[in-house]
Each structure stands twice: as C-alpha cells, then as structure tokens.
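Visitor: My structure file input-v3.pdb, PDB, C-alpha atoms, is below:
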```pdb
ATOM      1  CA  MET A 297     114.844 209.634 351.967  1.00  0.00           C
ATOM      2  CA  GLU A 298     114.134 205.912 351.785  1.00  0.00           C
ATOM      3  CA  ARG A 299     113.732 205.718 355.560  1.00  0.00           C
ATOM      4  CA  TRP A 300     111.289 208.657 355.458  1.00  0.00           C
ATOM      5  CA  LYS A 301     109.176 206.936 352.790  1.00  0.00           C
ATOM      6  CA  THR A 302     109.112 203.730 354.815  1.00  0.00           C
ATOM      7  CA  LYS A 303     108.003 205.510 357.986  1.00  0.00           C
ATOM      8  CA  ALA A 304     105.378 207.473 356.060  1.00  0.00           C
ATOM      9  CA  SER A 305     104.024 204.247 354.566  1.00  0.00           C
ATOM     10  CA  MET A 306     103.854 202.705 358.042  1.00  0.00           C
ATOM     11  CA  ARG A 307     101.871 205.698 359.321  1.00  0.00           C
ATOM     12  CA  HIS A 308      99.503 205.560 356.351  1.00  0.00           C
ATOM     13  CA  THR A 309      98.951 201.846 356.910  1.00  0.00           C
ATOM     14  CA  ALA A 310      98.158 202.356 360.589  1.00  0.00           C
ATOM     15  CA  VAL A 311      95.757 205.220 359.878  1.00  0.00           C
ATOM     16  CA  CYS A 312      93.933 203.162 357.239  1.00  0.00           C
ATOM     17  CA  PHE A 313      93.514 200.125 359.487  1.00  0.00           C
ATOM     18  CA  ILE A 314      92.294 202.294 362.364  1.00  0.00           C
ATOM     19  CA  GLY A 315      89.894 204.023 359.983  1.00  0.00           C
ATOM     20  CA  PHE A 316      88.635 200.639 358.785  1.00  0.00           C
ATOM     21  CA  GLY A 317      87.880 199.581 362.362  1.00  0.00           C
ATOM     22  CA  VAL A 318      86.131 202.822 363.277  1.00  0.00           C
ATOM     23  CA  LEU A 319      84.052 202.939 360.091  1.00  0.00           C
ATOM     24  CA  THR A 320      83.079 199.277 360.385  1.00  0.00           C
ATOM     25  CA  VAL A 321      81.773 199.835 363.912  1.00  0.00           C
ATOM     26  CA  ALA A 322      79.963 202.981 362.735  1.00  0.00           C
ATOM     27  CA  PHE A 323      78.278 201.101 359.901  1.00  0.00           C
ATOM     28  CA  VAL A 324      77.173 198.288 362.204  1.00  0.00           C
ATOM     29  CA  LEU A 325      75.570 200.859 364.531  1.00  0.00           C
ATOM     30  CA  ILE A 326      73.830 202.631 361.620  1.00  0.00           C
ATOM     31  CA  ALA A 327      72.613 199.313 360.211  1.00  0.00           C
ATOM     32  CA  MET A 328      71.253 198.250 363.599  1.00  0.00           C
ATOM     33  CA  LEU A 329      69.327 201.504 363.967  1.00  0.00           C
ATOM     34  CA  VAL A 330      67.958 201.304 360.423  1.00  0.00           C
ATOM     35  CA  SER A 331      66.929 197.647 360.645  1.00  0.00           C
ATOM     36  CA  SER A 332      65.287 198.144 364.043  1.00  0.00           C
ATOM     37  CA  GLY A 333      63.116 200.989 362.737  1.00  0.00           C
ATOM     38  CA  SER A 334      64.543 203.451 365.256  1.00  0.00           C
ATOM     39  CA  GLN A 335      62.314 206.503 365.688  1.00  0.00           C
ATOM     40  CA  GLY A 336      65.427 208.646 365.797  1.00  0.00           C
ATOM     41  CA  VAL A 337      66.441 207.444 362.325  1.00  0.00           C
ATOM     42  CA  ILE A 338      62.897 207.936 361.008  1.00  0.00           C
ATOM     43  CA  ASP A 339      62.786 211.503 362.355  1.00  0.00           C
ATOM     44  CA  PHE A 340      66.256 212.246 360.977  1.00  0.00           C
ATOM     45  CA  ASP A 341      65.366 210.922 357.527  1.00  0.00           C
ATOM     46  CA  HIS A 342      62.072 212.779 357.269  1.00  0.00           C
ATOM     47  CA  LYS A 343      63.610 215.991 358.542  1.00  0.00           C
ATOM     48  CA  TRP A 344      66.380 216.049 355.928  1.00  0.00           C
ATOM     49  CA  ILE A 345      64.178 214.776 353.110  1.00  0.00           C
ATOM     50  CA  GLY A 346      61.891 217.706 353.818  1.00  0.00           C
ATOM     51  CA  ARG A 347      64.752 220.191 353.835  1.00  0.00           C
ATOM     52  CA  ILE A 348      66.406 218.889 350.673  1.00  0.00           C
ATOM     53  CA  GLN A 349      63.236 218.316 348.666  1.00  0.00           C
ATOM     54  CA  GLY A 350      61.931 221.642 349.905  1.00  0.00           C
ATOM     55  CA  GLN A 351      64.411 223.253 347.485  1.00  0.00           C
ATOM     56  CA  GLU A 352      62.724 221.620 344.489  1.00  0.00           C
ATOM     57  CA  ALA A 353      62.934 223.651 341.297  1.00  0.00           C
ATOM     58  CA  PRO A 354      63.382 222.763 337.608  1.00  0.00           C
ATOM     59  CA  GLY A 355      67.048 223.765 337.626  1.00  0.00           C
ATOM     60  CA  TRP A 356      67.834 221.758 340.754  1.00  0.00           C
ATOM     61  CA  THR A 357      65.944 218.759 339.379  1.00  0.00           C
ATOM     62  CA  ALA A 358      67.966 218.814 336.162  1.00  0.00           C
ATOM     63  CA  THR A 359      71.188 219.101 338.190  1.00  0.00           C
ATOM     64  CA  ALA A 360      70.187 216.230 340.464  1.00  0.00           C
ATOM     65  CA  GLU A 361      69.308 214.041 337.493  1.00  0.00           C
ATOM     66  CA  THR A 362      72.689 214.794 335.908  1.00  0.00           C
ATOM     67  CA  LEU A 363      74.577 213.985 339.112  1.00  0.00           C
ATOM     68  CA  SER A 364      72.566 210.812 339.580  1.00  0.00           C
ATOM     69  CA  TRP A 365      73.417 209.823 336.002  1.00  0.00           C
ATOM     70  CA  ILE A 366      77.122 210.463 336.672  1.00  0.00           C
ATOM     71  CA  GLY A 367      76.881 208.163 339.678  1.00  0.00           C
ATOM     72  CA  SER A 368      75.047 205.409 337.788  1.00  0.00           C
ATOM     73  CA  THR A 369      76.631 202.002 337.321  1.00  0.00           C
ATOM     74  CA  LYS A 370      77.205 202.400 333.574  1.00  0.00           C
ATOM     75  CA  ILE A 371      78.960 205.770 333.900  1.00  0.00           C
ATOM     76  CA  VAL A 372      81.028 204.605 336.873  1.00  0.00           C
ATOM     77  CA  ILE A 373      82.229 201.634 334.800  1.00  0.00           C
ATOM     78  CA  VAL A 374      83.150 203.941 331.902  1.00  0.00           C
ATOM     79  CA  LEU A 375      85.039 206.338 334.201  1.00  0.00           C
ATOM     80  CA  GLU A 376      86.780 203.421 335.871  1.00  0.00           C
ATOM     81  CA  ALA A 377      87.840 202.054 332.474  1.00  0.00           C
ATOM     82  CA  ILE A 378      89.298 205.454 331.526  1.00  0.00           C
ATOM     83  CA  LEU A 379      91.191 205.597 334.815  1.00  0.00           C
ATOM     84  CA  LEU A 380      92.532 202.069 334.317  1.00  0.00           C
ATOM     85  CA  LEU A 381      93.708 202.849 330.792  1.00  0.00           C
ATOM     86  CA  PHE A 382      95.526 205.929 332.067  1.00  0.00           C
ATOM     87  CA  LEU A 383      97.223 203.970 334.847  1.00  0.00           C
ATOM     88  CA  LEU A 384      98.267 201.214 332.462  1.00  0.00           C
ATOM     89  CA  PHE A 385     100.179 203.782 330.383  1.00  0.00           C
ATOM     90  CA  VAL A 386     102.144 205.060 333.402  1.00  0.00           C
ATOM     91  CA  PRO A 387     105.153 202.703 333.614  1.00  0.00           C
ATOM     92  CA  ARG A 388     105.815 203.256 337.323  1.00  0.00           C
ATOM     93  CA  LEU A 389     102.265 202.339 338.354  1.00  0.00           C
ATOM     94  CA  ARG A 390     102.213 198.596 337.863  1.00  0.00           C
ATOM     95  CA  TRP A 391      99.866 197.546 340.662  1.00  0.00           C
ATOM     96  CA  GLU A 392      97.636 200.602 340.945  1.00  0.00           C
ATOM     97  CA  PRO A 393      95.173 199.338 338.255  1.00  0.00           C
ATOM     98  CA  LEU A 394      94.568 196.264 340.404  1.00  0.00           C
ATOM     99  CA  LEU A 395      94.059 198.532 343.419  1.00  0.00           C
ATOM    100  CA  VAL A 396      91.357 200.445 341.520  1.00  0.00           C
ATOM    101  CA  LEU A 397      89.605 197.219 340.499  1.00  0.00           C
ATOM    102  CA  VAL A 398      89.640 195.843 344.043  1.00  0.00           C
ATOM    103  CA  ALA A 399      88.422 199.109 345.574  1.00  0.00           C
ATOM    104  CA  THR A 400      85.562 199.726 343.146  1.00  0.00           C
ATOM    105  CA  GLY A 401      84.623 196.119 342.416  1.00  0.00           C
ATOM    106  CA  GLY A 402      84.675 195.176 346.081  1.00  0.00           C
ATOM    107  CA  SER A 403      82.489 198.146 346.984  1.00  0.00           C
ATOM    108  CA  ALA A 404      79.934 197.148 344.331  1.00  0.00           C
ATOM    109  CA  LEU A 405      79.844 193.550 345.546  1.00  0.00           C
ATOM    110  CA  ILE A 406      79.467 194.609 349.186  1.00  0.00           C
ATOM    111  CA  ASN A 407      76.598 196.907 348.207  1.00  0.00           C
ATOM    112  CA  ILE A 408      74.730 194.050 346.524  1.00  0.00           C
ATOM    113  CA  LEU A 409      75.235 191.809 349.553  1.00  0.00           C
ATOM    114  CA  LEU A 410      74.124 194.492 352.027  1.00  0.00           C
ATOM    115  CA  LYS A 411      71.054 195.487 350.017  1.00  0.00           C
ATOM    116  CA  ASN A 412      69.869 191.871 349.943  1.00  0.00           C
ATOM    117  CA  LEU A 413      70.693 191.437 353.624  1.00  0.00           C
ATOM    118  CA  PHE A 414      68.694 194.424 354.891  1.00  0.00           C
ATOM    119  CA  GLN A 415      66.050 194.608 352.125  1.00  0.00           C
ATOM    120  CA  ARG A 416      64.928 198.114 353.037  1.00  0.00           C
ATOM    121  CA  GLU A 417      62.194 199.524 350.853  1.00  0.00           C
ATOM    122  CA  ARG A 418      62.831 202.843 349.157  1.00  0.00           C
ATOM    123  CA  PRO A 419      61.077 206.011 350.353  1.00  0.00           C
ATOM    124  CA  ASP A 420      57.785 206.921 348.755  1.00  0.00           C
ATOM    125  CA  ILE A 421      57.908 210.664 349.339  1.00  0.00           C
ATOM    126  CA  ASN A 422      57.707 212.956 346.304  1.00  0.00           C
ATOM    127  CA  ARG A 423      59.478 210.425 344.066  1.00  0.00           C
ATOM    128  CA  LEU A 424      61.119 212.220 341.096  1.00  0.00           C
ATOM    129  CA  ALA A 425      62.832 209.114 339.708  1.00  0.00           C
ATOM    130  CA  GLN A 426      62.141 205.404 339.623  1.00  0.00           C
ATOM    131  CA  GLU A 427      64.312 202.710 341.170  1.00  0.00           C
ATOM    132  CA  TYR A 428      63.358 199.106 341.847  1.00  0.00           C
ATOM    133  CA  SER A 429      66.150 197.626 343.953  1.00  0.00           C
ATOM    134  CA  PHE A 430      66.417 197.801 347.744  1.00  0.00           C
ATOM    135  CA  SER A 431      67.389 201.056 349.398  1.00  0.00           C
ATOM    136  CA  PHE A 432      70.007 200.490 352.129  1.00  0.00           C
ATOM    137  CA  PRO A 433      72.830 201.279 351.652  1.00  0.00           C
ATOM    138  CA  SER A 434      72.833 203.608 348.642  1.00  0.00           C
ATOM    139  CA  GLY A 435      74.636 202.051 345.672  1.00  0.00           C
ATOM    140  CA  HIS A 436      75.302 205.439 344.080  1.00  0.00           C
ATOM    141  CA  SER A 437      76.901 206.667 347.306  1.00  0.00           C
ATOM    142  CA  MET A 438      79.066 203.580 347.688  1.00  0.00           C
ATOM    143  CA  GLY A 439      80.137 203.629 344.050  1.00  0.00           C
ATOM    144  CA  ALA A 440      80.978 207.336 344.100  1.00  0.00           C
ATOM    145  CA  PHE A 441      82.895 207.052 347.368  1.00  0.00           C
ATOM    146  CA  ALA A 442      84.929 204.098 346.090  1.00  0.00           C
ATOM    147  CA  LEU A 443      85.731 205.576 342.662  1.00  0.00           C
ATOM    148  CA  TYR A 444      86.457 209.164 343.670  1.00  0.00           C
ATOM    149  CA  GLY A 445      88.036 208.084 346.941  1.00  0.00           C
ATOM    150  CA  ILE A 446      90.599 205.880 345.211  1.00  0.00           C
ATOM    151  CA  LEU A 447      91.085 208.580 342.574  1.00  0.00           C
ATOM    152  CA  ALA A 448      91.810 211.135 345.313  1.00  0.00           C
ATOM    153  CA  TYR A 449      94.316 208.742 346.899  1.00  0.00           C
ATOM    154  CA  LEU A 450      96.137 208.203 343.599  1.00  0.00           C
ATOM    155  CA  LEU A 451      96.157 211.884 342.666  1.00  0.00           C
ATOM    156  CA  TRP A 452      97.487 212.803 346.111  1.00  0.00           C
ATOM    157  CA  ARG A 453     100.420 210.459 345.509  1.00  0.00           C
ATOM    158  CA  MET A 454     100.985 211.418 341.884  1.00  0.00           C
ATOM    159  CA  ILE A 455     100.746 215.212 341.945  1.00  0.00           C
ATOM    160  CA  ARG A 456     103.659 217.187 343.365  1.00  0.00           C
ATOM    161  CA  PRO A 457     102.262 220.726 343.922  1.00  0.00           C
ATOM    162  CA  ARG A 458     100.360 220.703 347.209  1.00  0.00           C
ATOM    163  CA  ALA A 459      97.827 223.246 345.963  1.00  0.00           C
ATOM    164  CA  LEU A 460      96.843 220.973 343.068  1.00  0.00           C
ATOM    165  CA  ARG A 461      96.589 218.043 345.461  1.00  0.00           C
ATOM    166  CA  ILE A 462      94.124 219.971 347.608  1.00  0.00           C
ATOM    167  CA  VAL A 463      92.092 221.066 344.573  1.00  0.00           C
ATOM    168  CA  ALA A 464      91.851 217.465 343.335  1.00  0.00           C
ATOM    169  CA  LEU A 465      90.836 216.254 346.804  1.00  0.00           C
ATOM    170  CA  VAL A 466      88.142 218.932 347.181  1.00  0.00           C
ATOM    171  CA  LEU A 467      86.696 218.169 343.735  1.00  0.00           C
ATOM    172  CA  CYS A 468      86.505 214.443 344.499  1.00  0.00           C
ATOM    173  CA  ILE A 469      84.804 215.136 347.836  1.00  0.00           C
ATOM    174  CA  LEU A 470      82.305 217.564 346.313  1.00  0.00           C
ATOM    175  CA  LEU A 471      81.372 215.177 343.519  1.00  0.00           C
ATOM    176  CA  THR A 472      80.884 212.313 345.981  1.00  0.00           C
ATOM    177  CA  LEU A 473      78.723 214.407 348.317  1.00  0.00           C
ATOM    178  CA  THR A 474      76.569 215.922 345.585  1.00  0.00           C
ATOM    179  CA  ILE A 475      75.867 212.519 344.024  1.00  0.00           C
ATOM    180  CA  GLY A 476      74.570 211.350 347.396  1.00  0.00           C
ATOM    181  CA  LEU A 477      72.476 214.495 347.849  1.00  0.00           C
ATOM    182  CA  SER A 478      70.988 214.043 344.378  1.00  0.00           C
ATOM    183  CA  ARG A 479      69.599 210.662 345.406  1.00  0.00           C
ATOM    184  CA  ILE A 480      67.822 212.193 348.395  1.00  0.00           C
ATOM    185  CA  TYR A 481      66.529 215.085 346.291  1.00  0.00           C
ATOM    186  CA  LEU A 482      65.111 212.667 343.690  1.00  0.00           C
ATOM    187  CA  GLY A 483      63.296 210.779 346.432  1.00  0.00           C
ATOM    188  CA  VAL A 484      64.927 207.393 345.813  1.00  0.00           C
ATOM    189  CA  HIS A 485      66.977 207.205 349.020  1.00  0.00           C
ATOM    190  CA  TYR A 486      66.681 208.090 352.676  1.00  0.00           C
ATOM    191  CA  PRO A 487      69.531 210.214 354.077  1.00  0.00           C
ATOM    192  CA  SER A 488      70.490 207.239 356.261  1.00  0.00           C
ATOM    193  CA  ASP A 489      70.889 205.163 353.067  1.00  0.00           C
ATOM    194  CA  VAL A 490      73.388 207.683 351.728  1.00  0.00           C
ATOM    195  CA  ILE A 491      75.293 208.022 355.002  1.00  0.00           C
ATOM    196  CA  GLY A 492      75.360 204.241 355.394  1.00  0.00           C
ATOM    197  CA  GLY A 493      76.707 203.926 351.850  1.00  0.00           C
ATOM    198  CA  TYR A 494      79.486 206.423 352.512  1.00  0.00           C
ATOM    199  CA  VAL A 495      80.482 204.685 355.749  1.00  0.00           C
ATOM    200  CA  ALA A 496      80.402 201.163 354.276  1.00  0.00           C
ATOM    201  CA  SER A 497      82.402 202.162 351.198  1.00  0.00           C
ATOM    202  CA  GLY A 498      84.771 204.209 353.357  1.00  0.00           C
ATOM    203  CA  ALA A 499      85.495 201.149 355.499  1.00  0.00           C
ATOM    204  CA  TRP A 500      86.233 199.010 352.443  1.00  0.00           C
ATOM    205  CA  LEU A 501      88.387 201.746 350.892  1.00  0.00           C
ATOM    206  CA  ALA A 502      90.358 202.175 354.120  1.00  0.00           C
ATOM    207  CA  LEU A 503      91.009 198.427 354.276  1.00  0.00           C
ATOM    208  CA  THR A 504      92.003 198.265 350.606  1.00  0.00           C
ATOM    209  CA  ILE A 505      94.385 201.216 350.806  1.00  0.00           C
ATOM    210  CA  GLY A 506      95.736 199.969 354.138  1.00  0.00           C
ATOM    211  CA  VAL A 507      96.675 196.598 352.650  1.00  0.00           C
ATOM    212  CA  PHE A 508      98.216 198.331 349.643  1.00  0.00           C
ATOM    213  CA  GLU A 509     100.241 200.687 351.853  1.00  0.00           C
ATOM    214  CA  TYR A 510     101.415 197.733 353.947  1.00  0.00           C
ATOM    215  CA  TRP A 511     102.557 195.988 350.768  1.00  0.00           C
ATOM    216  CA  ARG A 512     104.380 199.165 349.676  1.00  0.00           C
ATOM    217  CA  HIS A 513     106.044 199.375 353.098  1.00  0.00           C
ATOM    218  CA  ARG A 514     107.277 195.794 352.840  1.00  0.00           C
ATOM    219  CA  LYS A 515     108.514 196.398 349.301  1.00  0.00           C
ATOM    220  CA  GLN A 516     110.371 199.544 350.363  1.00  0.00           C
ATOM    221  CA  ARG A 517     112.092 197.639 353.147  1.00  0.00           C
ATOM    222  CA  ARG A 518     113.173 194.908 350.724  1.00  0.00           C
ATOM    223  CA  LEU A 519     114.568 197.526 348.379  1.00  0.00           C
ATOM    224  CA  GLY A 520     116.401 199.234 351.228  1.00  0.00           C
ATOM    225  CA  GLY A 521     119.465 197.055 350.840  1.00  0.00           C
ATOM    226  CA  ARG A 522     119.852 197.625 347.100  1.00  0.00           C
ATOM    227  CA  THR A 523     121.918 200.225 345.343  1.00  0.00           C
ATOM    228  CA  GLU A 524     120.478 203.658 344.668  1.00  0.00           C
ATOM    229  CA  ALA A 525     120.263 202.930 340.946  1.00  0.00           C
ATOM    230  CA  GLU A 526     118.260 199.780 341.583  1.00  0.00           C
ATOM    231  CA  ARG A 527     115.920 201.577 343.958  1.00  0.00           C
ATOM    232  CA  GLN A 528     115.292 204.329 341.431  1.00  0.00           C
ATOM    233  CA  GLU A 529     114.543 201.744 338.767  1.00  0.00           C
ATOM    234  CA  ASN A 530     112.178 199.645 340.873  1.00  0.00           C
ATOM    235  CA  MET A 531     110.472 202.109 343.208  1.00  0.00           C
ATOM    236  CA  ARG A 532     107.141 203.588 342.142  1.00  0.00           C
ATOM    237  CA  GLY A 533     107.358 206.632 344.327  1.00  0.00           C
ATOM    238  CA  ASP A 534     105.143 209.657 344.808  1.00  0.00           C
ATOM    239  CA  GLY A 535     105.066 212.792 342.743  1.00  0.00           C
ATOM    240  CA  ILE A 536     104.743 211.423 339.212  1.00  0.00           C
ATOM    241  CA  LEU A 537     102.853 214.443 337.900  1.00  0.00           C
ATOM    242  CA  SER A 538     104.643 217.741 338.489  1.00  0.00           C
TER     243      SER A 538
END
```
Just dump the structure as structure tokens.
Guide:
Amino acid sequence: MERWKTKASMRHTAVCFIGFGVLTVAFVLIAMLVSSGSQGVIDFDHKWIGRIQGQEAPGWTATAETLSWIGSTKIVIVLEAILLLFLLFVPRLRWEPLLVLVATGGSALINILLKNLFQRERPDINRLAQEYSFSFPSGHSMGAFALYGILAYLLWRMIRPRALRIVALVLCILLTLTIGLSRIYLGVHYPSDVIGGYVASGAWLALTIGVFEYWRHRKQRRLGGRTEAERQENMRGDGILS
C-alpha cells in the first residue's frame, strides 16, 4: 500500500510539472497574440462577445451579476477563509492550509503583475458593469480557477466515494467556467482575457500542486522505513471524508 501511494504521488508530480510546462507555453502564445493585436484574436473576441451578449435578458443579467459577485475579490477571500478554517480543524491536514494560501495568493499576485505588464484596455461593447483596472488576463477567471481548482484537488483526495468525487469536480469546473462567462456577458472582458486567465492560473496551480505532490512523495519515502503504527500516525493520506 505504501509503495502504491509513493508511485501514485510520483505520477501526480510528473503530470503536474508537464501540465505547468504546457500551460506556460500556451499562455505565452496567447499573450503574444493579444499584445500584437492579432486579427485572429480580434475576430475571435468579437465573434464570441456577439454570441454571448446576444443572449441578453433580465434573468441572464441577474445571473451574470451574481456569478461575477461570487468571483469578486472580497467573496473569494471570504470563501478562502472558510476553507482555511475547515482545513485547520482537520488534524491530518497540517500543510494543506499553506497550499491553499500559496495557490490563491500566488494567482492573485501573478494577475496583478500580468495586468500591469500588458495593460490591455477593457472592451467597450454593450458594457453592463463598470471596471477600471486593465483587462488581460481576467482576475475573476484566475481567482476562480485557483480557488475552485485547489478545492477540487483537496476534495478529490479527501472524499472516498468516487461518485462524490466526480460530483465535486464537476461543480468546481462549472462554477469556474460560469464566472468567466459572466465577465464576457457583462462586457468587462474579452473572451481571450478569460481564456488567458484560466491558462495562467492553471499553470500556477499545476506548479503549486506539483511541488506539493513532490514533497508528499519525499515524505512518504522517508516514512517507508518506519513501523506501521508510526506511518499511520504521521501519514496524512487520502480518503478523509467517507
């Protein structure tokens, strides 16, 4: 069992680092196209803005405003604080609160740096909300991806029933995607802003989880020589919630 966990952690680490490399390259390509004013990006943005805003209706506007509010900085901080408090009360999760802080805090810092680097103006097409910062990449998209991405990772480790794992993963994905769509619908972001935000935050999340999985792998190997009782006492394994 211990050998299986170690091998699984090694695989997870490798996948995360590969994902980090792929997503980093993808973001660089997207950023180059956006900053160069590529006609392909302009056409793509206008096409999908037209399609999404073409569905405008009072009910959809209220939904988009609610989703945008959920993805706002203040609400993300509140949700993160709730998650941290929960993790602090789970004895076997000693380092996971730090993982959450690094994943979400790092994503927020990267977003600020990238916005000031590219300084892309926001779209001025049927604006239904007001924002005054730069546009690329979307802060709401990066924040949602970081928070719900790390939440999905933790829930996948903590929940035993596979069906509940899948439900939790789908809900996190849907919430992340709809928050991004709400920003396009409200006219405060180009679709390329949202996609760029997802890719940038995904790269950071992959790196963060990869480092954490590598640390877990090293810890599991150190514990390999101990007695079974010691391993059970010290290991923070998967499947905490059954």
Visitor: May I have the residues within 10 Å of region 494-508 of chain A as a ChimeraX atom specification, using all atoms listed in the file and disregarding those fewer than 6 positions away in the same chain?
Guide: /A:305-324,326-327,391-392,395-396,398-400,402-404,406-407,410,433-443,445-446,449,472-473,476,488,514
Visitor: Please produce a file of the residues just selected, as an mmCIF file, in the coordinates of the input, where the atoms kept are C-alpha atoms.
Guide:
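Saved result, result-v6.cif, follows:
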```cif
data_model
loop_
_atom_site.group_PDB
_atom_site.id
_atom_site.type_symbol
_atom_site.label_atom_id
_atom_site.label_comp_id
_atom_site.auth_asym_id
_atom_site.auth_seq_id
_atom_site.Cartn_x
_atom_site.Cartn_y
_atom_site.Cartn_z
ATOM 1 C CA SER A 305 104.024 204.247 354.566
ATOM 2 C CA MET A 306 103.854 202.705 358.042
ATOM 3 C CA ARG A 307 101.871 205.698 359.321
ATOM 4 C CA HIS A 308 99.503 205.560 356.351
ATOM 5 C CA THR A 309 98.951 201.846 356.910
ATOM 6 C CA ALA A 310 98.158 202.356 360.589
ATOM 7 C CA VAL A 311 95.757 205.220 359.878
ATOM 8 C CA CYS A 312 93.933 203.162 357.239
ATOM 9 C CA PHE A 313 93.514 200.125 359.487
ATOM 10 C CA ILE A 314 92.294 202.294 362.364
ATOM 11 C CA GLY A 315 89.894 204.023 359.983
ATOM 12 C CA PHE A 316 88.635 200.639 358.785
ATOM 13 C CA GLY A 317 87.880 199.581 362.362
ATOM 14 C CA VAL A 318 86.131 202.822 363.277
ATOM 15 C CA LEU A 319 84.052 202.939 360.091
ATOM 16 C CA THR A 320 83.079 199.277 360.385
ATOM 17 C CA VAL A 321 81.773 199.835 363.912
ATOM 18 C CA ALA A 322 79.963 202.981 362.735
ATOM 19 C CA PHE A 323 78.278 201.101 359.901
ATOM 20 C CA VAL A 324 77.173 198.288 362.204
ATOM 21 C CA ILE A 326 73.830 202.631 361.620
ATOM 22 C CA ALA A 327 72.613 199.313 360.211
ATOM 23 C CA TRP A 391 99.866 197.546 340.662
ATOM 24 C CA GLU A 392 97.636 200.602 340.945
ATOM 25 C CA LEU A 395 94.059 198.532 343.419
ATOM 26 C CA VAL A 396 91.357 200.445 341.520
ATOM 27 C CA VAL A 398 89.640 195.843 344.043
ATOM 28 C CA ALA A 399 88.422 199.109 345.574
ATOM 29 C CA THR A 400 85.562 199.726 343.146
ATOM 30 C CA GLY A 402 84.675 195.176 346.081
ATOM 31 C CA SER A 403 82.489 198.146 346.984
ATOM 32 C CA ALA A 404 79.934 197.148 344.331
ATOM 33 C CA ILE A 406 79.467 194.609 349.186
ATOM 34 C CA ASN A 407 76.598 196.907 348.207
ATOM 35 C CA LEU A 410 74.124 194.492 352.027
ATOM 36 C CA PRO A 433 72.830 201.279 351.652
ATOM 37 C CA SER A 434 72.833 203.608 348.642
ATOM 38 C CA GLY A 435 74.636 202.051 345.672
ATOM 39 C CA HIS A 436 75.302 205.439 344.080
ATOM 40 C CA SER A 437 76.901 206.667 347.306
ATOM 41 C CA MET A 438 79.066 203.580 347.688
ATOM 42 C CA GLY A 439 80.137 203.629 344.050
ATOM 43 C CA ALA A 440 80.978 207.336 344.100
ATOM 44 C CA PHE A 441 82.895 207.052 347.368
ATOM 45 C CA ALA A 442 84.929 204.098 346.090
ATOM 46 C CA LEU A 443 85.731 205.576 342.662
ATOM 47 C CA GLY A 445 88.036 208.084 346.941
ATOM 48 C CA ILE A 446 90.599 205.880 345.211
ATOM 49 C CA TYR A 449 94.316 208.742 346.899
ATOM 50 C CA THR A 472 80.884 212.313 345.981
ATOM 51 C CA LEU A 473 78.723 214.407 348.317
ATOM 52 C CA GLY A 476 74.570 211.350 347.396
ATOM 53 C CA SER A 488 70.490 207.239 356.261
ATOM 54 C CA ARG A 514 107.277 195.794 352.840
#
```
Visitor: Carefully work through the PyMOL selection byres ((chain A and resi 363) around 12) for this structure and note down the residues it includes, as a PyMOL selection string.
Guide: chain A and resi 356-362+364-368+371-372+436-437+440+470-482
Visitor: Let's have the selection written as a compact mmCIF listing (two decimals), keeping the file's coordinate frame, with C-alpha atoms.
Guide:
```txt
# COMPACT_ATOMS: atom_id res chain seq x y z
CA TRP A 356 67.83 221.76 340.75
CA THR A 357 65.94 218.76 339.38
CA ALA A 358 67.97 218.81 336.16
CA THR A 359 71.19 219.10 338.19
CA ALA A 360 70.19 216.23 340.46
CA GLU A 361 69.31 214.04 337.49
CA THR A 362 72.69 214.79 335.91
CA SER A 364 72.57 210.81 339.58
CA TRP A 365 73.42 209.82 336.00
CA ILE A 366 77.12 210.46 336.67
CA GLY A 367 76.88 208.16 339.68
CA SER A 368 75.05 205.41 337.79
CA ILE A 371 78.96 205.77 333.90
CA VAL A 372 81.03 204.60 336.87
CA HIS A 436 75.30 205.44 344.08
CA SER A 437 76.90 206.67 347.31
CA ALA A 440 80.98 207.34 344.10
CA LEU A 470 82.30 217.56 346.31
CA LEU A 471 81.37 215.18 343.52
CA THR A 472 80.88 212.31 345.98
CA LEU A 473 78.72 214.41 348.32
CA THR A 474 76.57 215.92 345.58
CA ILE A 475 75.87 212.52 344.02
CA GLY A 476 74.57 211.35 347.40
CA LEU A 477 72.48 214.50 347.85
CA SER A 478 70.99 214.04 344.38
CA ARG A 479 69.60 210.66 345.41
CA ILE A 480 67.82 212.19 348.40
CA TYR A 481 66.53 215.08 346.29
CA LEU A 482 65.11 212.67 343.69
```
Visitor: Do you know which residues are at most 8 Å from Glu417 (chain A) counting all atoms listed in the file, after dropping those on the same chain fewer than 5 positions away, and could you put them as an NGL selection string?
Guide: :A and (430-432)
Visitor: Take CA of Leu375 (chain A) and CA of Gly493 (chain A) and report the distance between them in Å, one decimal.
Guide: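 Separation between CA of Leu375 (chain A) and CA of Gly493 (chain A): 19.7 Å.
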Visitor: Hey, can you check how far CA of Leu325 (chain A) sits from CA of Tyr428 (chain A)?
Guide: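 Taking CA of Leu325 (chain A) as the start and CA of Tyr428 (chain A) as the end point, the length is 25.8 Å.
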Visitor: Report, as AutoDock Vina command-line options, the axis-aligned box around all atoms of region 443-459 of chain A present in the file, extended by 6 Å on each side; give centre and edge lengths in Å to one decimal place.
Guide:
```
--center_x 94.7 --center_y 214.4 --center_z 344.5 --size_x 29.9 --size_y 29.7 --size_z 17.3
```
Visitor: Using only C-alpha atoms, find the one residue out of A:Glu376, A:Asp341, A:Glu352, A:Glu509 that sits nearest to Arg423 (chain A).
Guide: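 Result for the nearest residue to Arg423 (chain A): A:Glu352.
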Visitor: Give the answer as one residue: which of A:Leu381, A:Val490, A:Ile348, A:Ala425 has the shortest atom-to-atom distance to Pro393 (chain A), using all atoms listed in the file?
Guide: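 Of A:Leu381, A:Val490, A:Ile348, A:Ala425, the one nearest Pro393 (chain A) is A:Leu381, counting all atoms listed in the file.
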Visitor: Quick check, in Å to one decimal: how far apart do CA of Leu451 (chain A) and CA of Ala464 (chain A) lie?
Guide: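 Between CA of Leu451 (chain A) and CA of Ala464 (chain A) the gap works out to 7.1 Å.
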Visitor: Go through A:Leu413, A:Ile455, A:Val374, A:Ala448 and flag the residue nearest Ser331 (chain A), using only C-alpha atoms for the distances.
Guide: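 Among the listed residues, the smallest separation from Ser331 (chain A) belongs to A:Leu413.
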Visitor: Measuring between all atoms listed in the file, which one of A:Ile338, A:Ile378, A:Ile491, A:Val484 shows the shortest distance to Arg418 (chain A)?
Guide: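 Using all atoms listed in the file, the shortest distance to Arg418 (chain A) belongs to A:Val484.
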